[in-house]
file input15.txt (compact mmCIF, C-alpha atoms)
# COMPACT_ATOMS: atom_id res chain seq x y z
CA MET A 264 -16.20 -16.61 -11.64
CA THR A 265 -19.01 -18.01 -9.52
CA GLN A 266 -17.38 -16.45 -6.49
CA GLN A 267 -17.24 -13.03 -8.17
CA ARG A 268 -20.93 -13.11 -9.04
CA THR A 269 -21.87 -13.80 -5.44
CA MET A 270 -19.76 -10.82 -4.32
CA THR A 271 -21.88 -8.29 -6.19
CA GLU A 272 -24.72 -7.99 -3.70
CA ALA A 273 -24.88 -5.40 -0.94
CA GLY A 274 -24.29 -6.96 2.44
CA THR A 275 -21.98 -9.69 1.16
CA THR A 276 -19.03 -10.31 3.46
CA LEU A 277 -15.62 -10.63 1.81
CA PRO A 278 -13.22 -13.49 2.53
CA VAL A 279 -11.16 -13.00 5.67
CA ILE A 280 -7.37 -12.94 5.41
CA THR A 281 -5.34 -13.50 8.58
CA LYS A 282 -1.57 -13.00 8.87
CA THR A 283 0.84 -12.84 11.74
CA ILE A 284 3.38 -10.03 11.59
CA THR A 285 6.98 -10.92 12.39
CA GLN A 286 10.14 -8.84 12.27
CA GLU A 287 11.41 -11.19 9.57
CA LYS A 288 8.38 -10.38 7.40
CA ILE A 289 8.91 -6.66 7.99
CA ASN A 290 12.56 -7.04 6.99
CA ALA A 291 11.58 -8.93 3.84
CA TYR A 292 9.08 -6.22 2.92
CA ALA A 293 11.70 -3.51 3.55
CA ASP A 294 14.03 -5.22 1.09
CA ALA A 295 11.32 -5.67 -1.56
CA GLY A 296 9.87 -2.21 -1.10
CA GLY A 297 13.19 -0.42 -0.59
CA ASP A 298 11.87 1.30 2.53
CA HIS A 299 14.48 0.90 5.27
CA ASN A 300 13.05 3.50 7.62
CA PRO A 301 14.53 2.65 11.06
CA LEU A 302 11.05 2.81 12.56
CA HIS A 303 10.45 -0.53 10.87
CA LEU A 304 13.85 -2.13 11.28
CA ASP A 305 15.88 -0.66 14.13
CA GLU A 306 14.60 -1.78 17.51
CA ALA A 307 16.77 0.71 19.41
CA PHE A 308 15.59 3.64 17.29
CA ALA A 309 11.96 2.54 17.36
CA ALA A 310 12.05 2.10 21.13
CA GLU A 311 12.58 5.86 21.48
CA THR A 312 9.51 6.73 19.43
CA GLN A 313 5.88 6.91 20.55
CA PHE A 314 5.48 3.30 19.41
CA GLY A 315 8.10 1.88 21.75
CA GLY A 316 9.24 -0.66 19.17
CA THR A 317 9.30 -1.47 15.49
CA ILE A 318 6.11 -1.41 13.44
CA ALA A 319 5.18 -2.89 10.07
CA HIS A 320 5.11 -0.81 6.91
CA GLY A 321 1.64 0.49 6.17
CA LEU A 322 1.81 -0.83 2.62
CA LEU A 323 2.62 -4.32 3.94
CA VAL A 324 -0.58 -4.40 5.99
CA LEU A 325 -2.52 -2.80 3.15
CA ALA A 326 -1.32 -5.63 0.88
CA TYR A 327 -3.35 -8.04 3.05
CA ILE A 328 -6.49 -6.04 2.27
CA SER A 329 -5.60 -6.08 -1.42
CA GLU A 330 -5.23 -9.88 -1.18
CA MET A 331 -8.73 -10.07 0.31
CA LEU A 332 -10.09 -8.01 -2.58
CA THR A 333 -8.24 -10.15 -5.13
CA GLU A 334 -9.70 -13.25 -3.51
CA ALA A 335 -13.17 -11.74 -3.69
CA PHE A 336 -13.17 -10.09 -7.10
CA GLY A 337 -10.29 -11.57 -9.09
CA GLU A 338 -9.12 -9.71 -12.17
CA ALA A 339 -11.78 -7.02 -11.73
CA TRP A 340 -9.92 -5.87 -8.63
CA LEU A 341 -6.53 -6.00 -10.34
CA ALA A 342 -7.74 -3.95 -13.30
CA SER A 343 -10.11 -1.42 -11.79
CA GLY A 344 -9.65 -1.26 -8.02
CA LYS A 345 -9.66 1.92 -5.99
CA LEU A 346 -8.70 2.27 -2.35
CA LYS A 347 -9.08 5.12 0.08
CA ILE A 348 -7.86 4.29 3.56
CA ARG A 349 -6.45 5.73 6.75
CA PHE A 350 -3.81 4.05 8.85
CA ARG A 351 -5.33 4.20 12.35
CA ALA A 352 -2.82 2.23 14.41
CA PRO A 353 0.41 0.35 13.71
CA ALA A 354 0.84 -3.39 13.33
CA ARG A 355 3.71 -4.72 15.42
CA PRO A 356 5.78 -7.90 15.36
CA GLY A 357 3.70 -10.60 17.03
CA ASP A 358 0.38 -9.07 15.99
CA THR A 359 -2.16 -11.22 14.21
CA VAL A 360 -3.87 -9.06 11.60
CA THR A 361 -7.32 -9.97 10.34
CA THR A 362 -8.92 -8.24 7.37
CA SER A 363 -12.59 -7.48 7.00
CA GLY A 364 -14.75 -6.24 4.20
CA SER A 365 -18.32 -6.09 3.04
CA VAL A 366 -20.12 -4.85 -0.05
CA ILE A 367 -22.05 -1.70 0.81
CA SER A 368 -23.41 -0.98 -2.66
CA ALA A 369 -23.40 -2.54 -6.09
CA GLU A 370 -25.04 -0.24 -8.60
CA GLY A 371 -24.35 1.20 -12.01
CA GLY A 372 -21.50 -1.17 -12.68
CA ARG A 373 -19.59 -0.17 -9.55
CA ILE A 374 -19.12 -2.15 -6.38
CA VAL A 375 -18.26 -0.24 -3.22
CA CYS A 376 -16.93 -2.04 -0.16
CA GLU A 377 -16.19 -1.06 3.38
CA ILE A 378 -12.78 -2.51 4.24
CA GLY A 379 -10.36 -2.64 7.13
CA CYS A 380 -8.24 -4.76 9.38
CA ARG A 381 -7.76 -5.23 13.10
CA ASN A 382 -5.26 -6.79 15.43
CA ALA A 383 -6.11 -9.60 17.86
CA ASP A 384 -7.24 -7.06 20.48
CA GLY A 385 -9.82 -5.72 18.06
CA GLU A 386 -7.97 -2.46 17.52
CA VAL A 387 -8.61 -0.97 14.08
CA LEU A 388 -5.34 -0.71 12.14
CA ILE A 389 -6.74 0.40 8.79
CA ASP A 390 -10.19 1.47 7.69
CA GLY A 391 -11.60 2.86 4.49
CA THR A 392 -13.38 2.02 1.29
CA ALA A 393 -12.64 0.13 -1.89
CA GLU A 394 -14.36 0.41 -5.26
CA LEU A 395 -14.18 -1.54 -8.47
CA ARG A 396 -16.05 -2.10 -11.70
CA SER A 397 -18.37 -5.08 -11.59
CA MET B 112 20.62 12.24 -0.75
CA THR B 113 18.02 14.95 -0.20
CA SER B 114 15.60 14.35 2.65
CA LEU B 115 11.88 14.66 2.00
CA ALA B 116 11.91 17.08 4.90
CA ALA B 117 13.83 19.57 2.75
CA LEU B 118 11.36 19.53 -0.13
CA ALA B 119 8.58 22.05 -0.72
CA LYS B 120 5.09 21.83 -2.11
CA GLY B 121 5.25 21.55 -5.88
CA HIS B 122 8.50 19.60 -5.93
CA GLU B 123 8.57 17.14 -8.81
CA PHE B 124 10.57 13.96 -8.44
CA PRO B 125 12.51 12.67 -11.46
CA ALA B 126 10.51 10.15 -13.46
CA ALA B 127 11.54 6.61 -12.59
CA THR B 128 11.21 3.61 -14.89
CA PHE B 129 11.22 0.09 -13.50
CA GLU B 130 10.42 -3.43 -14.63
CA LEU B 131 8.28 -5.96 -12.82
CA THR B 132 10.87 -8.70 -13.12
CA ASN B 133 10.09 -12.26 -12.11
CA ASP B 134 12.68 -12.13 -9.33
CA TRP B 135 11.34 -8.93 -7.84
CA THR B 136 7.71 -10.02 -8.22
CA ASP B 137 8.44 -13.35 -6.51
CA ALA B 138 10.21 -11.52 -3.65
CA TYR B 139 7.30 -9.11 -3.26
CA ILE B 140 4.65 -11.85 -3.29
CA ALA B 141 6.66 -13.83 -0.74
CA ALA B 142 7.05 -10.75 1.48
CA VAL B 143 3.33 -9.98 1.53
CA GLU B 144 2.30 -13.68 1.43
CA ASP B 145 -0.24 -13.04 -1.33
CA GLU B 146 -1.87 -16.39 -2.09
CA ALA B 147 -4.71 -14.96 -4.17
CA VAL B 148 -3.05 -13.31 -7.16
CA GLY B 149 -1.57 -16.57 -8.46
CA ARG B 150 -5.05 -18.08 -8.55
CA VAL B 151 -6.21 -15.30 -10.88
CA GLY B 152 -3.30 -15.99 -13.21
CA ALA B 153 0.41 -16.69 -12.86
CA GLU B 154 1.24 -13.69 -15.03
CA PHE B 155 -0.45 -11.15 -12.77
CA VAL B 156 1.32 -8.97 -10.23
CA PRO B 157 -0.51 -7.70 -7.12
CA PRO B 158 -1.55 -4.08 -7.73
CA MET B 159 -0.04 -3.04 -4.41
CA ALA B 160 3.32 -4.05 -5.85
CA VAL B 161 3.06 -1.08 -8.19
CA ALA B 162 2.57 1.19 -5.20
CA ALA B 163 5.52 -0.44 -3.44
CA LEU B 164 7.81 -0.05 -6.45
CA SER B 165 6.71 3.54 -6.95
CA VAL B 166 7.60 4.31 -3.35
CA ARG B 167 10.89 2.51 -3.84
CA ALA B 168 11.64 4.65 -6.92
CA LEU B 169 10.73 7.77 -4.97
CA LEU B 170 13.04 6.79 -2.12
CA GLU B 171 15.92 6.50 -4.55
CA ASN B 172 15.65 10.26 -5.01
CA ALA B 173 14.73 11.47 -1.54
CA SER B 174 15.13 9.80 1.82
CA LEU B 175 12.35 9.52 4.36
CA PRO B 176 13.16 11.38 7.56
CA PRO B 177 13.72 8.84 10.35
CA GLY B 178 10.49 8.16 12.20
CA SER B 179 8.25 8.98 9.24
CA LEU B 180 4.76 7.53 9.36
CA HIS B 181 2.43 6.57 6.54
CA ALA B 182 -0.80 8.29 7.55
CA GLY B 183 -3.09 7.69 4.60
CA GLN B 184 -3.26 6.28 1.12
CA GLU B 185 -5.48 6.59 -1.92
CA LEU B 186 -4.88 4.36 -4.92
CA ALA B 187 -6.72 3.80 -8.19
CA PHE B 188 -5.69 1.05 -10.57
CA SER B 189 -6.79 1.33 -14.17
CA SER B 190 -5.11 -1.70 -15.67
CA ALA B 191 -3.91 -5.04 -14.34
CA VAL B 192 -0.13 -5.34 -14.30
CA ARG B 193 1.79 -8.41 -15.38
CA ARG B 194 5.24 -9.82 -14.92
CA GLY B 195 7.65 -8.19 -17.31
CA ASP B 196 5.71 -4.93 -17.56
CA ARG B 197 7.90 -1.85 -17.78
CA LEU B 198 6.39 1.05 -15.85
CA THR B 199 7.21 4.71 -15.36
CA ALA B 200 6.34 6.55 -12.16
CA ASN B 201 5.98 10.29 -11.77
CA ALA B 202 5.50 11.93 -8.42
CA HIS B 203 5.17 15.39 -7.01
CA ILE B 204 4.44 16.99 -3.66
CA ILE B 205 0.92 18.38 -3.69
CA SER B 206 0.72 19.68 -0.15
CA ARG B 207 2.89 20.30 2.87
CA GLY B 208 1.68 21.59 6.19
CA GLU B 209 2.70 21.58 9.81
CA ARG B 210 0.55 20.69 12.82
CA GLN B 211 1.45 19.99 16.43
CA GLY B 212 5.13 19.48 15.69
CA ALA B 213 4.57 17.19 12.73
CA VAL B 214 4.91 17.85 9.02
CA LEU B 215 2.10 16.38 6.95
CA MET B 216 3.06 15.89 3.31
CA SER B 217 0.95 14.52 0.47
CA ILE B 218 2.61 13.07 -2.59
CA GLU B 219 0.73 12.33 -5.78
CA LEU B 220 1.86 9.37 -7.86
CA ASP B 221 1.08 8.51 -11.46
CA VAL B 222 2.29 5.29 -13.01
CA ASP B 223 1.98 4.40 -16.68
CA ARG B 224 2.93 1.60 -19.01
CA GLY B 225 3.76 3.69 -22.07
CA GLU B 226 0.40 4.73 -23.47
CA ASP B 227 -1.63 3.12 -20.68
CA ASP B 228 -2.22 4.60 -17.27
CA VAL B 229 -1.78 1.92 -14.64
CA MET B 230 -2.16 3.63 -11.28
CA THR B 231 -2.73 6.98 -9.71
CA GLY B 232 -2.37 7.53 -6.03
CA ARG B 233 -1.83 9.89 -3.19
CA ALA B 234 0.22 9.08 -0.10
CA THR B 235 0.09 11.16 3.04
CA ILE B 236 3.10 10.89 5.31
CA ALA B 237 3.90 12.51 8.63
CA PHE B 238 7.32 13.20 10.09
CA PRO B 239 8.68 15.24 12.98
CA ALA B 240 9.12 18.93 12.19
CA ASP B 241 12.16 19.15 14.45
CA GLY B 242 13.94 16.01 13.29
CA GLY B 243 13.06 14.10 16.46
CA SER B 244 10.47 11.39 16.74
CA LEU B 245 6.70 11.67 16.51

call {"tool": "encode", "arguments": {"input": "input15.txt", "output": "structure tokens"}}
result
Amino acid sequence: MTQQRTMTEAGTTLPVITKTITQEKINAYADAGGDHNPLHLDEAFAAETQFGGTIAHGLLVLAYISEMLTEAFGEAWLASGKLKIRFRAPARPGDTVTTSGSVISAEGGRIVCEIGCRNADGEVLIDGTAELRS
Amino acid sequence: MTSLAALAKGHEFPAATFELTNDWTDAYIAAVEDEAVGRVGAEFVPPMAVAALSVRALLENASLPPGSLHAGQELAFSSAVRRGDRLTANAHIISRGERQGAVLMSIELDVDRGEDDVMTGRATIAFPADGGSL
């Protein structure tokens, strides 16, 4: 609860979540999420696409951002969160993905955050905004 | 199974009901390595799991064209979800357009727990218009 109170001021930086993508993690997400698109799982197929290899599911990478928001805001995020994001670039096996977020406004019972994540080269993979009730 | 590529704007997917079982929830949390939700409460399920299961339900009725990409996502959660919750997802295609050899399709999702709305969302996906790769 103390942590949530400190997250309600503009300019506050959210906790950073860092994960390394592996093909095994992508496979596990495909099984849980039921999305067996060959772009994520079939190296031969993916090699012929613009990506030149398999990429992680967008919702897998987005789950890391949701974890960051859960860490920052607890049940308030689970019960009232809103996300609006664009997938800018894919996460690939071997990539280390680091989330980022900061509170940009906290007024009228709503907290608005700028959120995103990058790979180790600093390339933006996801960017957007999140909102929740404070 | 029908491919998403064959579906037009306005198409409504059959409603799908699913349960957030302990086994599935554990598999999802392991796949996304969410260490935060358990600290909020052991009964809670990450909100992104609802999105993942909704997509899974959708893919049981229409297959993603190979090489499909998740381009954007909007999600709004209006109630925290817990293990054992039984949810119903409804989805329909709200737009479909073609640009530079790619089909851009937006699908609106609504998930409820009986009387309670749990999540609304909109996913934008892109896939090759000619069946090749993007």

call {"tool": "residues_around", "arguments": {"input": "input15.txt", "residues": "region 280-291 of chain A", "least_positions_apart": "5", "cutoff": "10 Å", "atoms": "all atoms listed in the file", "output": "PyMOL selection string"}}
result
(chain A and resi 296-299+303-304+306+317-320+323-324+327-332+334+354-363+380-383) or (chain B and resi 138-139+141-146)

call {"tool": "atom_distance", "arguments": {"input": "input15.txt", "atom1": "CA of Ala310 (chain A)", "atom2": "CA of Ala160 (chain B)"}}
result
29.0 Å

call {"tool": "closest_atom_pairs", "arguments": {"input": "input15.txt", "of": "region 287-395 of chain A", "to": "region 274-278 of chain A", "cutoff": "6 Å", "atoms": "all atoms listed in the file", "output": "Markdown table"}}
result
| residue | atom | partner | partner_atom | distance |
| --- | --- | --- | --- | --- |
| A:Gly364 | CA | A:Leu277 | CA | 5.1 |
| A:Ser365 | CA | A:Thr276 | CA | 4.3 |
| A:Val366 | CA | A:Gly274 | CA | 5.3 |
| A:Ile367 | CA | A:Gly274 | CA | 5.9 |

call {"tool": "residues_near_point", "arguments": {"input": "input15.txt", "point": "(6.2, 11.5, 9.4)", "cutoff": "6 Å", "atoms": "all atoms listed in the file", "output": "MDAnalysis selection string"}}
result
chainID B and resid 179:180 236:239

call {"tool": "residues_around", "arguments": {"input": "input15.txt", "residues": "Leu175 (chain B)", "least_positions_apart": "3", "cutoff": "8 Å", "atoms": "all atoms listed in the file", "output": "list in words"}}
result
Asn300 of chain A; Ser114, Leu115, Ala116, Leu170 and Ser179 of chain B

call {"tool": "interface_residues", "arguments": {"input": "input15.txt", "of": "chain A", "to": "chain B", "cutoff": "6 Å", "atoms": "only C-alpha atoms", "output": "list in words"}}
result
Ala291, Tyr292, Ala295, Gly296, Gly297, Leu302, Thr312, Glu330, Glu334, Gly337, Leu341, Ala342, Ser343, Gly344, Lys345, Leu346, Lys347, Ile348, Arg349 and Phe350 of chain A

call {"tool": "write_last_selection", "arguments": {"input": "input15.txt", "atoms": "C-alpha atoms", "output": "PDB file, in the coordinates of the input"}}
result
ATOM      1  CA  ALA A 291      11.580  -8.930   3.840  1.00  0.00           C
ATOM      2  CA  TYR A 292       9.080  -6.220   2.920  1.00  0.00           C
ATOM      3  CA  ALA A 295      11.320  -5.670  -1.560  1.00  0.00           C
ATOM      4  CA  GLY A 296       9.870  -2.210  -1.100  1.00  0.00           C
ATOM      5  CA  GLY A 297      13.190  -0.420  -0.590  1.00  0.00           C
ATOM      6  CA  LEU A 302      11.050   2.810  12.560  1.00  0.00           C
ATOM      7  CA  THR A 312       9.510   6.730  19.430  1.00  0.00           C
ATOM      8  CA  GLU A 330      -5.230  -9.880  -1.180  1.00  0.00           C
ATOM      9  CA  GLU A 334      -9.700 -13.250  -3.510  1.00  0.00           C
ATOM     10  CA  GLY A 337     -10.290 -11.570  -9.090  1.00  0.00           C
ATOM     11  CA  LEU A 341      -6.530  -6.000 -10.340  1.00  0.00           C
ATOM     12  CA  ALA A 342      -7.740  -3.950 -13.300  1.00  0.00           C
ATOM     13  CA  SER A 343     -10.110  -1.420 -11.790  1.00  0.00           C
ATOM     14  CA  GLY A 344      -9.650  -1.260  -8.020  1.00  0.00           C
ATOM     15  CA  LYS A 345      -9.660   1.920  -5.990  1.00  0.00           C
ATOM     16  CA  LEU A 346      -8.700   2.270  -2.350  1.00  0.00           C
ATOM     17  CA  LYS A 347      -9.080   5.120   0.080  1.00  0.00           C
ATOM     18  CA  ILE A 348      -7.860   4.290   3.560  1.00  0.00           C
ATOM     19  CA  ARG A 349      -6.450   5.730   6.750  1.00  0.00           C
ATOM     20  CA  PHE A 350      -3.810   4.050   8.850  1.00  0.00           C
TER      21      PHE A 350
END

call {"tool": "atom_distance", "arguments": {"input": "input15.txt", "atom1": "CA of Ala352 (chain A)", "atom2": "CA of Ala326 (chain A)"}}
result
15.7 Å

call {"tool": "atom_distance", "arguments": {"input": "input15.txt", "atom1": "CA of Gly372 (chain A)", "atom2": "CA of Gly391 (chain A)"}}
result
20.2 Å

call {"tool": "closest_residue", "arguments": {"input": "input15.txt", "among": "B:Asp196, B:Glu209, B:Asp221, B:Asp227", "to": "Glu154 (chain B)", "atoms": "only C-alpha atoms"}}
result
B:Asp196

call {"tool": "closest_residue", "arguments": {"input": "input15.txt", "among": "B:Leu198, B:Val214, B:Ala234, B:Ile204", "to": "Ala127 (chain B)", "atoms": "only C-alpha atoms"}}
result
B:Leu198
